[in-house]
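Novice: Okay, here's the structure, questions in a sec.
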Amino acid sequence: MYVLALGTFLMLTTEFVVAGILPEISRDLQISLAQAGSLITVFAIGMVIGAPLLPLLTIRVSKRRTLLIALVVFIGGHVVVALSSDFTTIMAARWVTALATGAFWAVSAVVAANVAGASMQSAAVGVVAAGGSLATVLGVPIGAFIAQHLGWRGTFWALAVAAVVAVVCIARLVPRDPPRPASASIRADLADLRSVRLWLVLAACTTTTGGVLAAYSFIAPILTDRAGVPAALVPAVLAGFGICSFVGTLLGGRLGDRHAHAVILIAPAASALVLLALAMFSGYAGVAVALVALLGAFGLSANSVLIHLAVRHAGRAATLGSGLAVAAFNTGTAIGTTSAGAALTSSLGLAGPAAVGSGIAALTLIPAALLAASRLRRSPLPTSSH
């Protein structure tokens with residue numbers, strides 16, 4: 001599980017590191033902050049497609065080999081970004097990299113759940129997801145630090161080199177698994193995707209992440225231009241967000257095995273309140289820093305629980321369920337970053353991303369409440385008709 005967490009650490013670092021180096025990218029490529037932010041949006045769109053599609057296309061390939069292929073594509077995409085000065089080429093490379101990243105996330109969550117005991121599956125997925133949270137503790141702040149001293153391209157070179165190390169570790173430590181039998185029916189797997197509970201989980205995945213990423217994607221200019229935090233301290237603030245996110249993800253995973261529905265209700269409710277406060281009080285440096293840390297603690301803490309619920313409710317299509325959860329997270333990211341980028345040009349200005357994020361996060365309470373109610377009734381939700 002821990003070697004898989006290394007992979008998710010790199011995957012989430014590359015997705016979110018752009019948030020910490022937006023000013024550097026914007027200046028170097030001579031584009032607006034909103035355009036630079038679209039590098040996060042296009043990555044999210046790539047993951048939306050790659051997370052469910054590539055596991056389906058590689059359904060008869062061993063999971064270990066799928067993980068290795070995804071990392072090799074990841075390396076190539078980062079080399080292209082580091083070498084290119086054309087924004088369109090960089091966008092295309094980010095999109096291809098995201099396809100592979102989505103596949104890695106989907107498969108690694110299933111591998112982790114398979115090796116854990118039945119009573120520890122949320123915790124196991126939480127360990128893998130914590131690798132992503134650790135990206136916000138170390139990866140994003142270090143990436144921002146490298147960009148400030150060596151240029152933003154240095155950040156992408158560092159990620160490519162780190163991914164080479166991950167390839168070696170996974171090749172040596174992840175056990176081989178046999179390819180899926182040719183007699184297995186993809187149609188039977190797809191039939192299990194009709195679960196209404198599954199689609200409620202996916203709706204929650206979309207809104208909980210979309211709310212947080214609406215604000216986080218523009219956190220550097222919010223801190224420097226609105227709160228007045230010195231640019232040199234931004235990596236430290238990002239590290240604070242990451243530490244709280246890491247702890248929150250681990251706790252959420254552990255609590256999720258016994259209190260899954262409480263976790264997916266409380267975490268987004270708290271996130272919505274924190275984001276609303278950030279929109280209102282981000283002009284004060286100390287308050288803004290504290291709120292960013294609180295957002296880290298609650299913002300992504302329910303994600304591992306949501307992935308586990310998606311795997312559970314997908315039945316025989318567990319890998320596809322995991323892939324759809326990852327796709328839903330990134331659908332939310334794409335919606336959140338696009339909406340937040342538009343809000344920057346509104347009268348709200350730099351308060352806009354957090355205000356938009358608060359509204360999106362609050363929507364999570366609808367599917368989460370329906371899931372909790374269906375469990376309390378202990379009556380099965382019908383599957384959708386075809």
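As shown in the structure tokens, the chain order sets the letters A, B, ...; within each chain, residues go from 1, and ligands are also counted from 1 in the order they appear.
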Give me, as a VMD selection string, all polymer residues having an atom no more than 12 Å from Ile21 in chain A, counting only C-alpha atoms and skipping those fewer than 4 positions away in the same chain.
Specialist: chain A and resid 13 to 17 25 to 28 33 36 to 37 39 to 40 140 to 156 217 to 221 231 to 232 234 to 235 238
Novice: Would you save the residues from that selection as a CSV table (one decimal), in the first residue's frame, using N, CA and C atoms?
Specialist:
chain,number,residue,atom,x,y,z
A,13,THR,N,0.6,15.7,-6.7
A,13,THR,CA,1.5,16.8,-6.8
A,13,THR,C,1.4,17.5,-8.1
A,14,THR,N,1.4,16.7,-9.2
A,14,THR,CA,1.4,17.3,-10.5
A,14,THR,C,0.1,17.9,-10.8
A,15,GLU,N,-1.0,17.4,-10.3
A,15,GLU,CA,-2.3,18.0,-10.5
A,15,GLU,C,-2.4,19.4,-9.9
A,16,PHE,N,-1.9,19.5,-8.6
A,16,PHE,CA,-2.2,20.7,-7.8
A,16,PHE,C,-1.0,21.6,-7.7
A,17,VAL,N,0.2,21.2,-8.1
A,17,VAL,CA,1.3,22.1,-8.0
A,17,VAL,C,1.2,23.3,-8.8
A,25,ILE,N,4.3,30.6,-14.0
A,25,ILE,CA,3.8,30.2,-15.3
A,25,ILE,C,3.2,31.3,-16.1
A,26,SER,N,2.4,32.1,-15.4
A,26,SER,CA,1.8,33.2,-16.1
A,26,SER,C,2.8,34.2,-16.7
A,27,ARG,N,3.8,34.6,-15.9
A,27,ARG,CA,4.8,35.5,-16.4
A,27,ARG,C,5.6,34.9,-17.5
A,28,ASP,N,6.1,33.7,-17.3
A,28,ASP,CA,7.0,33.1,-18.3
A,28,ASP,C,6.3,32.9,-19.7
A,33,LEU,N,-3.7,34.8,-15.3
A,33,LEU,CA,-3.8,33.8,-14.3
A,33,LEU,C,-4.9,32.8,-14.6
A,36,ALA,N,-3.5,30.3,-17.0
A,36,ALA,CA,-2.6,29.4,-16.3
A,36,ALA,C,-3.4,28.4,-15.5
A,37,GLY,N,-4.4,28.9,-14.9
A,37,GLY,CA,-5.3,28.0,-14.1
A,37,GLY,C,-5.9,26.9,-14.9
A,39,LEU,N,-4.5,25.0,-16.8
A,39,LEU,CA,-3.7,23.8,-16.8
A,39,LEU,C,-4.2,22.8,-15.8
A,40,ILE,N,-4.8,23.3,-14.7
A,40,ILE,CA,-5.4,22.4,-13.7
A,40,ILE,C,-6.7,21.8,-14.3
A,140,VAL,N,3.5,19.9,-3.3
A,140,VAL,CA,3.1,21.3,-3.8
A,140,VAL,C,4.0,22.4,-3.2
A,141,PRO,N,4.3,22.4,-1.9
A,141,PRO,CA,5.2,23.4,-1.4
A,141,PRO,C,6.6,23.3,-1.9
A,142,ILE,N,7.1,22.0,-2.0
A,142,ILE,CA,8.5,21.9,-2.6
A,142,ILE,C,8.5,22.3,-4.1
A,143,GLY,N,7.4,21.9,-4.8
A,143,GLY,CA,7.3,22.4,-6.2
A,143,GLY,C,7.3,23.9,-6.3
A,144,ALA,N,6.6,24.6,-5.4
A,144,ALA,CA,6.5,26.0,-5.4
A,144,ALA,C,7.9,26.6,-5.1
A,145,PHE,N,8.6,26.0,-4.2
A,145,PHE,CA,10.0,26.4,-3.8
A,145,PHE,C,10.9,26.2,-5.0
A,146,ILE,N,10.9,25.1,-5.6
A,146,ILE,CA,11.7,24.9,-6.8
A,146,ILE,C,11.4,25.9,-7.9
A,147,ALA,N,10.2,26.2,-8.1
A,147,ALA,CA,9.8,27.2,-9.1
A,147,ALA,C,10.3,28.5,-8.8
A,148,GLN,N,10.3,28.9,-7.6
A,148,GLN,CA,10.8,30.2,-7.2
A,148,GLN,C,12.3,30.4,-7.4
A,149,HIS,N,13.0,29.3,-7.3
A,149,HIS,CA,14.5,29.3,-7.4
A,149,HIS,C,15.1,28.8,-8.7
A,150,LEU,N,14.4,27.9,-9.3
A,150,LEU,CA,14.9,27.3,-10.6
A,150,LEU,C,14.0,27.5,-11.8
A,151,GLY,N,12.9,28.1,-11.5
A,151,GLY,CA,11.9,28.3,-12.6
A,151,GLY,C,10.8,27.1,-12.5
A,152,TRP,N,9.7,27.4,-13.1
A,152,TRP,CA,8.6,26.4,-13.0
A,152,TRP,C,8.9,25.2,-13.7
A,153,ARG,N,9.7,25.2,-14.8
A,153,ARG,CA,10.1,24.0,-15.5
A,153,ARG,C,10.8,23.0,-14.6
A,154,GLY,N,11.6,23.6,-13.7
A,154,GLY,CA,12.4,22.7,-12.8
A,154,GLY,C,11.5,21.8,-12.0
A,155,THR,N,10.3,22.3,-11.7
A,155,THR,CA,9.3,21.5,-10.9
A,155,THR,C,8.9,20.3,-11.7
A,156,PHE,N,8.7,20.5,-13.0
A,156,PHE,CA,8.2,19.3,-13.8
A,156,PHE,C,9.4,18.4,-14.1
A,217,SER,N,-7.2,26.1,-6.2
A,217,SER,CA,-6.5,26.3,-7.4
A,217,SER,C,-6.0,27.8,-7.6
A,218,PHE,N,-6.6,28.7,-6.9
A,218,PHE,CA,-6.2,30.1,-7.0
A,218,PHE,C,-5.6,30.6,-5.6
A,219,ILE,N,-5.1,29.7,-4.8
A,219,ILE,CA,-4.7,30.0,-3.5
A,219,ILE,C,-3.5,30.9,-3.4
A,220,ALA,N,-2.6,30.8,-4.4
A,220,ALA,CA,-1.4,31.6,-4.4
A,220,ALA,C,-1.7,33.1,-4.5
A,221,PRO,N,-2.5,33.5,-5.6
A,221,PRO,CA,-2.9,34.9,-5.7
A,221,PRO,C,-3.8,35.4,-4.6
A,231,ALA,N,5.2,36.4,-0.9
A,231,ALA,CA,5.3,35.3,-1.8
A,231,ALA,C,6.2,34.2,-1.3
A,232,ALA,N,7.3,34.6,-0.6
A,232,ALA,CA,8.2,33.6,0.0
A,232,ALA,C,7.6,32.7,1.0
A,234,VAL,N,4.4,31.6,0.8
A,234,VAL,CA,3.3,30.8,0.3
A,234,VAL,C,3.6,29.3,0.4
A,235,PRO,N,4.8,28.8,0.1
A,235,PRO,CA,5.1,27.4,0.3
A,235,PRO,C,4.8,26.9,1.7
A,238,LEU,N,1.1,26.6,2.1
A,238,LEU,CA,0.7,25.4,1.4
A,238,LEU,C,1.0,24.1,2.2
Novice: With only C-alpha atoms as the atoms that count, which of A:Ala354, A:Leu67, A:Leu294, A:Ala372 lies nearest to Gly240 in chain A?
Specialist: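 Distance minimum relative to Gly240 in chain A lands on A:Leu294.
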Novice: Which residues come within 7 Å of range 208-214 of chain A, counting only C-alpha atoms, excluding same-chain residues fewer than 2 positions away, as JSON, numbers by chain?
Specialist: {"A": [204, 205, 206, 216, 217, 268, 299, 300, 329, 332, 333, 335, 336, 337, 340, 353, 354, 356, 357, 358, 360, 361, 364]}
Novice: Out of A:Ser32, A:Thr8, A:Thr89, A:Thr101, which residue has the shortest atom-to-atom distance to Phe74 in chain A when counting only C-alpha atoms?
Specialist: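 Closest to Phe74 in chain A, using only C-alpha atoms: A:Thr101.
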Novice: Considering only alpha helix (DSSP H) as DSSP defines it on the backbone, what residues of range 25-164 of chain A qualify? List them as an NGL selection string.
Specialist: :A and (25-29 or 33-57 or 63-83 or 87-115 or 121-134 or 140-150 or 152-164)
Novice: Counting only C-alpha atoms, figure out which residue out of A:Ser304, A:Phe43, A:Ala277, A:Ala239 gets nearest to Leu255 in chain A.
Specialist: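 Under the stated criterion, the closest residue is A:Ser304.
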Novice: Taking only C-alpha atoms into account, which of A:Gly352, A:Gly252, A:Pro55, A:Gly50 comes nearest Leu276 in chain A?
Specialist: A:Gly352
Novice: Between A:Thr41, A:Thr319, A:Thr58, A:Gln35, which one has atoms that come closest to Ala98 in chain A, using only C-alpha atoms?
Specialist: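 Of all the options, A:Thr41 lies closest to Ala98 in chain A.
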Novice: So, with only C-alpha atoms as the atoms that count, which of A:Leu134, A:Ile170, A:Ala293, A:Ala100 lies closest to Gly76 in chain A?
Specialist: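 That would be A:Ala100, the residue with the smallest distance to Gly76 in chain A.
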Novice: Need the shell around Thr224 in chain A: protein/DNA/RNA residues with any atom at most 12 Å away, counting only C-alpha atoms. Skip same-chain ones fewer than 6 positions apart. Format as a list of chain:residue names?
Specialist: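 Near neighbours after the sequence-gap exclusion: A:Gly20, A:Leu22, A:Pro23, A:Phe218, A:Pro230, A:Ala231, A:Ala232, A:Leu233, A:Val234, A:Pro235, A:Val237, A:Ser282, A:Gly283, A:Tyr284, A:Ala285, A:Ala288, A:Val289, A:Leu350.
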Novice: Do a neighbour search on range 159-168 of chain A at 8 Å with only C-alpha atoms, toss out local chain neighbours closer than 6 positions, and write the hits as an MDAnalysis selection string.
Specialist: chainID A and resid 3 6:7 10 14 68 71:72 74:76 78:79
